[in-house]
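So this one's start.pdb, PDB, C-alpha atoms and all ligand atoms:
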```pdb
ATOM      1  CA  MET A   1      -9.333  -7.555   3.634  1.00  0.00           C
ATOM      2  CA  ARG A   2      -6.959  -9.864   5.391  1.00  0.00           C
ATOM      3  CA  GLN A   3      -8.013 -11.756   8.550  1.00  0.00           C
ATOM      4  CA  GLY A   4     -10.451 -14.013   6.698  1.00  0.00           C
ATOM      5  CA  ALA A   5     -13.007 -11.643   5.186  1.00  0.00           C
ATOM      6  CA  SER A   6     -13.803 -13.128   1.794  1.00  0.00           C
ATOM      7  CA  GLY A   7     -17.148 -11.626   0.914  1.00  0.00           C
ATOM      8  CA  GLY A   8     -20.132  -9.810   2.285  1.00  0.00           C
ATOM      9  CA  HIS A   9     -21.443  -6.281   2.434  1.00  0.00           C
ATOM     10  CA  VAL A  10     -18.906  -3.596   3.347  1.00  0.00           C
ATOM     11  CA  LEU A  11     -19.549  -0.015   4.433  1.00  0.00           C
ATOM     12  CA  ASP A  12     -16.789   2.439   3.461  1.00  0.00           C
ATOM     13  CA  LEU A  13     -16.975   5.571   5.616  1.00  0.00           C
ATOM     14  CA  GLY A  14     -15.367   8.649   4.071  1.00  0.00           C
ATOM     15  CA  CYS A  15     -15.157   6.815   0.757  1.00  0.00           C
ATOM     16  CA  GLY A  16     -13.960   9.749  -1.365  1.00  0.00           C
ATOM     17  CA  THR A  17     -14.323   8.868  -5.042  1.00  0.00           C
ATOM     18  CA  GLY A  18     -14.869   5.230  -4.166  1.00  0.00           C
ATOM     19  CA  ASP A  19     -11.651   3.480  -5.168  1.00  0.00           C
ATOM     20  CA  HIS A  20     -11.676   1.140  -2.156  1.00  0.00           C
ATOM     21  CA  CYS A  21     -15.305   0.219  -2.854  1.00  0.00           C
ATOM     22  CA  PHE A  22     -14.480  -0.648  -6.456  1.00  0.00           C
ATOM     23  CA  GLU A  23     -11.511  -2.755  -5.389  1.00  0.00           C
ATOM     24  CA  LEU A  24     -13.644  -4.585  -2.826  1.00  0.00           C
ATOM     25  CA  ALA A  25     -16.360  -5.178  -5.433  1.00  0.00           C
ATOM     26  CA  ARG A  26     -13.748  -6.646  -7.809  1.00  0.00           C
ATOM     27  CA  ARG A  27     -12.817  -9.035  -4.988  1.00  0.00           C
ATOM     28  CA  GLY A  28     -16.349 -10.337  -4.489  1.00  0.00           C
ATOM     29  CA  PHE A  29     -17.686  -7.979  -1.816  1.00  0.00           C
ATOM     30  CA  SER A  30     -20.589  -5.601  -2.234  1.00  0.00           C
ATOM     31  CA  ALA A  31     -19.785  -2.106  -1.037  1.00  0.00           C
ATOM     32  CA  THR A  32     -21.676   0.959   0.103  1.00  0.00           C
ATOM     33  CA  GLY A  33     -19.615   4.132   0.140  1.00  0.00           C
ATOM     34  CA  VAL A  34     -20.627   7.088   2.291  1.00  0.00           C
ATOM     35  CA  ASP A  35     -19.000  10.496   2.104  1.00  0.00           C
ATOM     36  CA  PHE A  36     -19.810  13.898   3.516  1.00  0.00           C
ATOM     37  CA  SER A  37     -18.929  15.611   0.242  1.00  0.00           C
ATOM     38  CA  HIS A  38     -21.587  15.729  -2.465  1.00  0.00           C
ATOM     39  CA  GLU A  39     -18.817  16.201  -5.032  1.00  0.00           C
ATOM     40  CA  MET A  40     -17.017  13.030  -3.937  1.00  0.00           C
ATOM     41  CA  VAL A  41     -20.262  11.038  -4.015  1.00  0.00           C
ATOM     42  CA  ALA A  42     -21.128  12.417  -7.469  1.00  0.00           C
ATOM     43  CA  ARG A  43     -17.702  11.462  -8.816  1.00  0.00           C
ATOM     44  CA  ALA A  44     -17.869   7.977  -7.228  1.00  0.00           C
ATOM     45  CA  SER A  45     -21.363   7.450  -8.683  1.00  0.00           C
ATOM     46  CA  GLU A  46     -20.161   8.508 -12.140  1.00  0.00           C
ATOM     47  CA  LYS A  47     -17.354   5.976 -11.913  1.00  0.00           C
ATOM     48  CA  ALA A  48     -19.855   3.307 -10.751  1.00  0.00           C
ATOM     49  CA  ALA A  49     -22.054   4.025 -13.785  1.00  0.00           C
ATOM     50  CA  GLY A  50     -19.016   3.213 -15.952  1.00  0.00           C
ATOM     51  CA  GLU A  51     -18.570  -0.155 -14.206  1.00  0.00           C
ATOM     52  CA  PRO A  52     -22.145  -1.461 -13.843  1.00  0.00           C
ATOM     53  CA  SER A  53     -21.050  -5.035 -13.133  1.00  0.00           C
ATOM     54  CA  LEU A  54     -19.488  -3.975  -9.830  1.00  0.00           C
ATOM     55  CA  ALA A  55     -21.641  -4.018  -6.681  1.00  0.00           C
ATOM     56  CA  ALA A  56     -20.665  -0.562  -5.435  1.00  0.00           C
ATOM     57  CA  THR A  57     -23.146   2.153  -4.517  1.00  0.00           C
ATOM     58  CA  PHE A  58     -22.618   5.575  -2.978  1.00  0.00           C
ATOM     59  CA  GLN A  59     -24.569   7.991  -0.851  1.00  0.00           C
ATOM     60  CA  GLN A  60     -23.963  11.271   0.897  1.00  0.00           C
ATOM     61  CA  GLY A  61     -23.723  11.039   4.674  1.00  0.00           C
ATOM     62  CA  ASP A  62     -21.919  12.350   7.738  1.00  0.00           C
ATOM     63  CA  PHE A  63     -20.346   9.883  10.161  1.00  0.00           C
ATOM     64  CA  ASN A  64     -20.527  12.547  12.867  1.00  0.00           C
ATOM     65  CA  GLN A  65     -24.283  11.943  12.825  1.00  0.00           C
ATOM     66  CA  PRO A  66     -26.139   8.689  13.578  1.00  0.00           C
ATOM     67  CA  LEU A  67     -25.608   6.386  10.598  1.00  0.00           C
ATOM     68  CA  PRO A  68     -28.750   5.831   8.489  1.00  0.00           C
ATOM     69  CA  PHE A  69     -28.508   2.023   8.620  1.00  0.00           C
ATOM     70  CA  GLU A  70     -30.140  -0.761  10.629  1.00  0.00           C
ATOM     71  CA  ASP A  71     -28.309  -2.577  13.417  1.00  0.00           C
ATOM     72  CA  GLY A  72     -26.037  -5.246  11.920  1.00  0.00           C
ATOM     73  CA  ALA A  73     -26.654  -4.084   8.348  1.00  0.00           C
ATOM     74  CA  PHE A  74     -23.030  -4.666   7.272  1.00  0.00           C
ATOM     75  CA  ASP A  75     -20.611  -7.566   7.488  1.00  0.00           C
ATOM     76  CA  HIS A  76     -17.570  -5.299   7.582  1.00  0.00           C
ATOM     77  CA  VAL A  77     -16.650  -1.620   7.715  1.00  0.00           C
ATOM     78  CA  LEU A  78     -13.691   0.174   6.176  1.00  0.00           C
ATOM     79  CA  SER A  79     -12.540   3.722   6.753  1.00  0.00           C
ATOM     80  CA  ALA A  80      -9.377   5.034   5.091  1.00  0.00           C
ATOM     81  CA  PHE A  81      -7.894   8.414   5.981  1.00  0.00           C
ATOM     82  CA  ALA A  82     -11.183   9.820   7.302  1.00  0.00           C
ATOM     83  CA  MET A  83     -11.657   8.901  10.999  1.00  0.00           C
ATOM     84  CA  HIS A  84      -9.471  11.836  12.076  1.00  0.00           C
ATOM     85  CA  TYR A  85     -12.484  13.957  11.080  1.00  0.00           C
ATOM     86  CA  ALA A  86     -14.554  12.312  13.826  1.00  0.00           C
ATOM     87  CA  ARG A  87     -15.563  15.039  16.261  1.00  0.00           C
ATOM     88  CA  LYS A  88     -16.524  12.529  18.992  1.00  0.00           C
ATOM     89  CA  PRO A  89     -14.589   9.395  18.029  1.00  0.00           C
ATOM     90  CA  ALA A  90     -16.036   7.248  20.846  1.00  0.00           C
ATOM     91  CA  ALA A  91     -19.588   7.921  19.621  1.00  0.00           C
ATOM     92  CA  VAL A  92     -18.626   7.376  15.969  1.00  0.00           C
ATOM     93  CA  LEU A  93     -17.002   4.019  16.808  1.00  0.00           C
ATOM     94  CA  ARG A  94     -20.089   2.929  18.766  1.00  0.00           C
ATOM     95  CA  GLU A  95     -22.236   3.745  15.716  1.00  0.00           C
ATOM     96  CA  ILE A  96     -19.885   1.733  13.504  1.00  0.00           C
ATOM     97  CA  ARG A  97     -20.165  -1.219  15.888  1.00  0.00           C
ATOM     98  CA  ARG A  98     -23.964  -0.892  15.864  1.00  0.00           C
ATOM     99  CA  VAL A  99     -24.268  -1.218  12.070  1.00  0.00           C
ATOM    100  CA  MET A 100     -21.968  -4.292  11.969  1.00  0.00           C
ATOM    101  CA  ARG A 101     -22.720  -7.914  12.594  1.00  0.00           C
ATOM    102  CA  GLU A 102     -20.908  -9.658  15.438  1.00  0.00           C
ATOM    103  CA  GLY A 103     -17.621 -11.112  14.185  1.00  0.00           C
ATOM    104  CA  GLY A 104     -17.346  -8.621  11.312  1.00  0.00           C
ATOM    105  CA  LEU A 105     -14.125  -6.707  10.716  1.00  0.00           C
ATOM    106  CA  PHE A 106     -13.489  -2.982  10.914  1.00  0.00           C
ATOM    107  CA  LEU A 107     -10.412  -1.890   8.963  1.00  0.00           C
ATOM    108  CA  VAL A 108      -9.357   1.632   9.831  1.00  0.00           C
ATOM    109  CA  ILE A 109      -6.377   3.643   8.700  1.00  0.00           C
ATOM    110  CA  THR A 110      -6.215   7.133  10.060  1.00  0.00           C
ATOM    111  CA  ALA A 111      -3.871   9.901  11.113  1.00  0.00           C
ATOM    112  CA  ARG A 112      -2.259   9.672  14.511  1.00  0.00           C
ATOM    113  CA  ARG A 113       0.253  11.771  16.335  1.00  0.00           C
ATOM    114  CA  PRO A 114       3.634  10.165  15.711  1.00  0.00           C
ATOM    115  CA  ARG A 115       5.432   8.614  18.675  1.00  0.00           C
ATOM    116  CA  GLY A 116       8.533  10.505  19.702  1.00  0.00           C
ATOM    117  CA  ARG A 117       8.354  12.970  16.836  1.00  0.00           C
ATOM    118  CA  ARG A 118       7.796  16.654  16.857  1.00  0.00           C
ATOM    119  CA  TRP A 119       4.152  17.344  16.200  1.00  0.00           C
ATOM    120  CA  TYR A 120       4.815  20.037  13.641  1.00  0.00           C
ATOM    121  CA  THR A 121       6.398  17.470  11.304  1.00  0.00           C
ATOM    122  CA  HIS A 122       2.964  15.796  10.873  1.00  0.00           C
ATOM    123  CA  PRO A 123       1.688  16.175   7.276  1.00  0.00           C
ATOM    124  CA  LEU A 124      -1.707  17.339   8.566  1.00  0.00           C
ATOM    125  CA  MET A 125      -0.038  20.212  10.388  1.00  0.00           C
ATOM    126  CA  ALA A 126       1.750  21.260   7.207  1.00  0.00           C
ATOM    127  CA  ILE A 127      -1.593  21.150   5.391  1.00  0.00           C
ATOM    128  CA  ARG A 128      -3.196  23.198   8.168  1.00  0.00           C
ATOM    129  CA  ARG A 129      -0.404  25.786   8.013  1.00  0.00           C
ATOM    130  CA  ALA A 130      -1.061  26.066   4.287  1.00  0.00           C
ATOM    131  CA  GLY A 131      -4.631  27.120   5.109  1.00  0.00           C
ATOM    132  CA  TRP A 132      -6.337  23.858   4.168  1.00  0.00           C
ATOM    133  CA  LYS A 133      -9.462  22.899   6.090  1.00  0.00           C
ATOM    134  CA  SER A 134     -11.350  19.620   6.136  1.00  0.00           C
ATOM    135  CA  THR A 135     -14.581  19.333   4.186  1.00  0.00           C
ATOM    136  CA  ARG A 136     -16.417  20.121   7.451  1.00  0.00           C
ATOM    137  CA  GLY A 137     -14.310  23.199   7.967  1.00  0.00           C
ATOM    138  CA  ARG A 138     -13.240  22.069  11.433  1.00  0.00           C
ATOM    139  CA  GLY A 139      -9.837  20.595  10.720  1.00  0.00           C
ATOM    140  CA  ALA A 140      -8.599  17.138  11.458  1.00  0.00           C
ATOM    141  CA  HIS A 141      -7.844  15.616  14.852  1.00  0.00           C
ATOM    142  CA  PRO A 142      -5.217  12.878  14.636  1.00  0.00           C
ATOM    143  CA  PHE A 143      -5.366  10.254  17.385  1.00  0.00           C
ATOM    144  CA  GLU A 144      -2.852  10.082  20.207  1.00  0.00           C
ATOM    145  CA  PRO A 145      -0.703   6.909  20.268  1.00  0.00           C
ATOM    146  CA  GLY A 146      -2.861   4.107  21.723  1.00  0.00           C
ATOM    147  CA  GLU A 147      -6.032   6.234  21.753  1.00  0.00           C
ATOM    148  CA  LEU A 148      -7.767   4.516  18.859  1.00  0.00           C
ATOM    149  CA  GLU A 149      -7.045   1.062  20.322  1.00  0.00           C
ATOM    150  CA  ARG A 150      -8.559   2.130  23.659  1.00  0.00           C
ATOM    151  CA  LEU A 151     -11.661   3.641  22.034  1.00  0.00           C
ATOM    152  CA  LEU A 152     -12.149   0.566  19.856  1.00  0.00           C
ATOM    153  CA  ALA A 153     -12.078  -1.670  22.943  1.00  0.00           C
ATOM    154  CA  GLN A 154     -14.622   0.577  24.673  1.00  0.00           C
ATOM    155  CA  ALA A 155     -16.878   0.383  21.605  1.00  0.00           C
ATOM    156  CA  GLY A 156     -16.833  -3.431  21.670  1.00  0.00           C
ATOM    157  CA  PHE A 157     -14.055  -4.299  19.235  1.00  0.00           C
ATOM    158  CA  ALA A 158     -10.985  -6.519  19.650  1.00  0.00           C
ATOM    159  CA  VAL A 159      -7.934  -5.441  17.646  1.00  0.00           C
ATOM    160  CA  VAL A 160      -6.693  -8.428  15.627  1.00  0.00           C
ATOM    161  CA  ASP A 161      -4.062  -6.795  13.416  1.00  0.00           C
ATOM    162  CA  ARG A 162      -2.093  -3.577  13.347  1.00  0.00           C
ATOM    163  CA  ASP A 163       0.363  -1.887  11.015  1.00  0.00           C
ATOM    164  CA  GLU A 164       2.255   1.144  12.233  1.00  0.00           C
ATOM    165  CA  GLY A 165       4.603   1.302   9.265  1.00  0.00           C
ATOM    166  CA  ILE A 166       3.705   4.921   8.548  1.00  0.00           C
ATOM    167  CA  ALA A 167       4.882   7.217  11.356  1.00  0.00           C
ATOM    168  CA  TRP A 168       1.889   9.568  11.165  1.00  0.00           C
ATOM    169  CA  ALA A 169      -0.810   6.939  10.579  1.00  0.00           C
ATOM    170  CA  VAL A 170      -2.148   3.870  12.295  1.00  0.00           C
ATOM    171  CA  GLN A 171      -3.858   0.968  10.535  1.00  0.00           C
ATOM    172  CA  LEU A 172      -5.875  -1.443  12.640  1.00  0.00           C
ATOM    173  CA  VAL A 173      -8.168  -4.356  11.953  1.00  0.00           C
ATOM    174  CA  ALA A 174     -10.677  -4.894  14.745  1.00  0.00           C
ATOM    175  CA  ARG A 175     -13.277  -7.623  15.145  1.00  0.00           C
ATOM    176  CA  ALA A 176     -16.744  -6.692  16.354  1.00  0.00           C
ATOM    177  CA  GLY A 177     -17.500  -8.467  19.631  1.00  0.00           C
ATOM    178  CA  PRO A 178     -20.885  -9.336  21.125  1.00  0.00           C
ATOM    179  CA  ARG A 179     -23.303  -6.470  21.696  1.00  0.00           C
TER     180      ARG A 179
HETATM  181  C1  LIG B   1      -8.476  11.870   2.592  1.00  0.00           C
HETATM  182  S1  LIG B   1     -10.075  11.524   1.908  1.00  0.00           S
HETATM  183  C2  LIG B   1      -9.981   9.736   1.834  1.00  0.00           C
HETATM  184  C3  LIG B   1     -10.879   9.163   0.778  1.00  0.00           C
HETATM  185  C4  LIG B   1     -10.819   7.646   0.637  1.00  0.00           C
HETATM  186  N1  LIG B   1     -11.204   6.961   1.854  1.00  0.00           N
HETATM  187  C5  LIG B   1      -9.442   7.189   0.205  1.00  0.00           C
HETATM  188  O1  LIG B   1      -8.737   6.557   1.005  1.00  0.00           O
HETATM  189  O2  LIG B   1      -9.085   7.454  -0.937  1.00  0.00           O
HETATM  190  C6  LIG B   1     -11.169  11.792   3.311  1.00  0.00           C
HETATM  191  C7  LIG B   1     -12.628  11.723   2.938  1.00  0.00           C
HETATM  192  O3  LIG B   1     -13.401  11.756   4.136  1.00  0.00           O
HETATM  193  C8  LIG B   1     -14.564  12.518   3.865  1.00  0.00           C
HETATM  194  N2  LIG B   1     -15.131  12.976   5.152  1.00  0.00           N
HETATM  195  C9  LIG B   1     -14.614  13.901   5.990  1.00  0.00           C
HETATM  196  N3  LIG B   1     -15.422  14.079   7.052  1.00  0.00           N
HETATM  197  C10 LIG B   1     -16.474  13.247   6.874  1.00  0.00           C
HETATM  198  C11 LIG B   1     -17.653  12.981   7.626  1.00  0.00           C
HETATM  199  N4  LIG B   1     -17.896  13.622   8.768  1.00  0.00           N
HETATM  200  N5  LIG B   1     -18.533  12.064   7.156  1.00  0.00           N
HETATM  201  C12 LIG B   1     -18.290  11.421   5.985  1.00  0.00           C
HETATM  202  N6  LIG B   1     -17.187  11.641   5.207  1.00  0.00           N
HETATM  203  C13 LIG B   1     -16.296  12.536   5.656  1.00  0.00           C
HETATM  204  C14 LIG B   1     -14.064  13.643   2.963  1.00  0.00           C
HETATM  205  O4  LIG B   1     -15.127  14.245   2.244  1.00  0.00           O
HETATM  206  C15 LIG B   1     -13.070  12.892   2.074  1.00  0.00           C
HETATM  207  O5  LIG B   1     -13.670  12.400   0.906  1.00  0.00           O
END
```

Represent the structure contained in this file as structure tokens.
Amino acid sequence: MRQGASGGHVLDLGCGTGDHCFELARRGFSATGVDFSHEMVARASEKAAGEPSLAATFQQGDFNQPLPFEDGAFDHVLSAFAMHYARKPAAVLREIRRVMREGGLFLVITARRPRGRRWYTHPLMAIRRAGWKSTRGRGAHPFEPGELERLLAQAGFAVVDRDEGIAWAVQLVARAGPR
């Protein structure tokens, strides 16, 4: 993580097979990966068993439900290409803020509706047309331009870095403010 995070315990929401957790663990963080899919968690755990020196653990969980962690349990949170599966993003972001310590960083990269582009050019729409459904079977809901920033502010975060280099995605780093 940029923006000064050099260690600590990171929660990766929608971790898939855990690659970001492993990379964080190689860089001195400890990481807990959570994914809705049992298959993803099983694969990530298999990979972790092959790299026992890395502090990366995995568990099944659904970020559309209350997170099974204490207040302030994590220094930082990461979520890559998963938050567009949030059914009530404002509530999910509040839960993320709850499980973080004040001053921790939330790095999120997720699908958003591209500015000034026709919606049907979005890769998620092409995937949907091909009959693909998310692992929850409800499809994905990319954010409107500016929507994620607004919801983060409402949940108690301050955006400290952004990268909009990919037309259909937004990457933000947000610092958790006081509760
Ligand atoms: C596109 S993959 C990204 C995986 C990983 N973050 C990466 O960047 O390689 C999205 C992941 O989000 C998970 N996911 C979708 N909805 C979820 C939910 N409600 N709770 C937890 N994980 C979820 C999926 O199972 C899938 O593994």

Checklist entry - If you apply the PyMOL selection byres (((not hetatm)) within 7 of (chain B and resi 1)) to this file, what residues do you get, as a PyMOL selection string? => result chain A and resi 13-20+34-37+40+61-64+79-82+85-86+134-136

Residue subset to file, keeping C-alpha atoms, as a compact mmCIF listing (two decimals), in the frame of the given file:
```
# COMPACT_ATOMS: atom_id res chain seq x y z
CA LEU A 13 -16.98 5.57 5.62
CA GLY A 14 -15.37 8.65 4.07
CA CYS A 15 -15.16 6.82 0.76
CA GLY A 16 -13.96 9.75 -1.36
CA THR A 17 -14.32 8.87 -5.04
CA GLY A 18 -14.87 5.23 -4.17
CA ASP A 19 -11.65 3.48 -5.17
CA HIS A 20 -11.68 1.14 -2.16
CA VAL A 34 -20.63 7.09 2.29
CA ASP A 35 -19.00 10.50 2.10
CA PHE A 36 -19.81 13.90 3.52
CA SER A 37 -18.93 15.61 0.24
CA MET A 40 -17.02 13.03 -3.94
CA GLY A 61 -23.72 11.04 4.67
CA ASP A 62 -21.92 12.35 7.74
CA PHE A 63 -20.35 9.88 10.16
CA ASN A 64 -20.53 12.55 12.87
CA SER A 79 -12.54 3.72 6.75
CA ALA A 80 -9.38 5.03 5.09
CA PHE A 81 -7.89 8.41 5.98
CA ALA A 82 -11.18 9.82 7.30
CA TYR A 85 -12.48 13.96 11.08
CA ALA A 86 -14.55 12.31 13.83
CA SER A 134 -11.35 19.62 6.14
CA THR A 135 -14.58 19.33 4.19
CA ARG A 136 -16.42 20.12 7.45
```

Next on the checklist: Can you pull out the residues contacting Phe58 of chain A? Cut-off 7 Å, using all atoms listed in the file, and skip same-chain residues under 3 positions away; I want them as a PyMOL selection string.
Outcome noted: chain A and resi 32-34+41+44-45

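Here atom CA of Gln60 of chain A is placed at a distance of 8.9 Å from atom CA of Ala42 of chain A.
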
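If you look at atom CA of Leu172 of chain A and atom CA of Ala91 of chain A, they are 18.0 Å away from each other.
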
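Straight-line separation from atom CA of Glu39 of chain A to atom CA of Phe74 of chain A: 24.6 Å.
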
Item to check | Among the residues A:Gly7, A:Pro52, A:Gly103, A:Pro142, the one that comes closest to Arg87 of chain A [using only C-alpha atoms] | outcome: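 Among the listed residues, the smallest separation from Arg87 of chain A belongs to A:Pro142.
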
Checklist entry - Using only C-alpha atoms, which of the listed residues (A:Leu151, A:Gly104, A:Ala111, A:His141) sits closest to Val170 of chain A? => result A:Ala111

Checklist entry - Hey, can you pull every residue with an atom no more than 7 Å from (-17.0, -1.5, 10.6), using only C-alpha atoms, and send it as a list in words? => result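 Residues with an atom close enough to that point: Leu11, His76, Val77, Leu78, Ile96, Arg97, Met100, Leu105, Phe106 and Leu107 of chain A.
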
Checklist outcome for this item: For His84 of chain A, the closest of A:Gly28, A:Glu144, A:Ala174, A:Pro114 counting all atoms listed in the file is A:Glu144

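Comparing A:Glu23, A:Glu51, A:Glu149, A:Asp161 by their smallest distance to Val173 of chain A, the closest is A:Asp161 (using only C-alpha atoms).
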
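Considering the residues A:Gln171, A:Arg98, A:Gln154, A:Ala56 and counting all atoms listed in the file, Ala25 of chain A has its shortest atom-to-atom contact with A:Ala56.
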
Checklist entry - At a cut-off of 10 Å from (-29.6, -5.6, 12.8) in the coordinates of the file, what residues are picked up using all atoms listed in the file, written as an NGL selection string? => result :A and (69-74 or 98-102)

Next on the checklist: Need to verify the contact set: Arg26 of chain A, 9 Å, all atoms listed in the file, exclusion of same-chain residues closer than 5 positions in sequence. Can you return it as a ChimeraX atom specification?
Outcome noted: /A:21,54-55

Using all atoms of segment 2-17 of chain A that appear in the file, construct an axis-aligned enclosing box with 8 Å of padding on every side and provide its centre coordinates and edge lengths in Å, rounded to one decimal, as JSON.
```
{"center_x": -14.2, "center_y": -2.1, "center_z": 1.8, "size_x": 30.5, "size_y": 39.8, "size_z": 29.6}
```

Checklist outcome for this item: Shortest contact to Arg112 of chain A, candidates A:Leu67, A:Ala169, A:Ala140, A:Phe157, atoms counted all atoms listed in the file, goes to A:Ala169

Item to check | Matched chain/residue IDs from the PyMOL selection byres (((chain A and resi 179) around 8) and not hetatm), as JSON, numbers by chain | outcome: {"A": [102, 156, 177, 178]}

Would you export the selected residues with C-alpha atoms as an mmCIF file, in the coordinates of the input, please?
```
data_model
loop_
_atom_site.group_PDB
_atom_site.id
_atom_site.type_symbol
_atom_site.label_atom_id
_atom_site.label_comp_id
_atom_site.auth_asym_id
_atom_site.auth_seq_id
_atom_site.Cartn_x
_atom_site.Cartn_y
_atom_site.Cartn_z
ATOM 1 C CA GLU A 102 -20.908 -9.658 15.438
ATOM 2 C CA GLY A 156 -16.833 -3.431 21.670
ATOM 3 C CA GLY A 177 -17.500 -8.467 19.631
ATOM 4 C CA PRO A 178 -20.885 -9.336 21.125
#
```
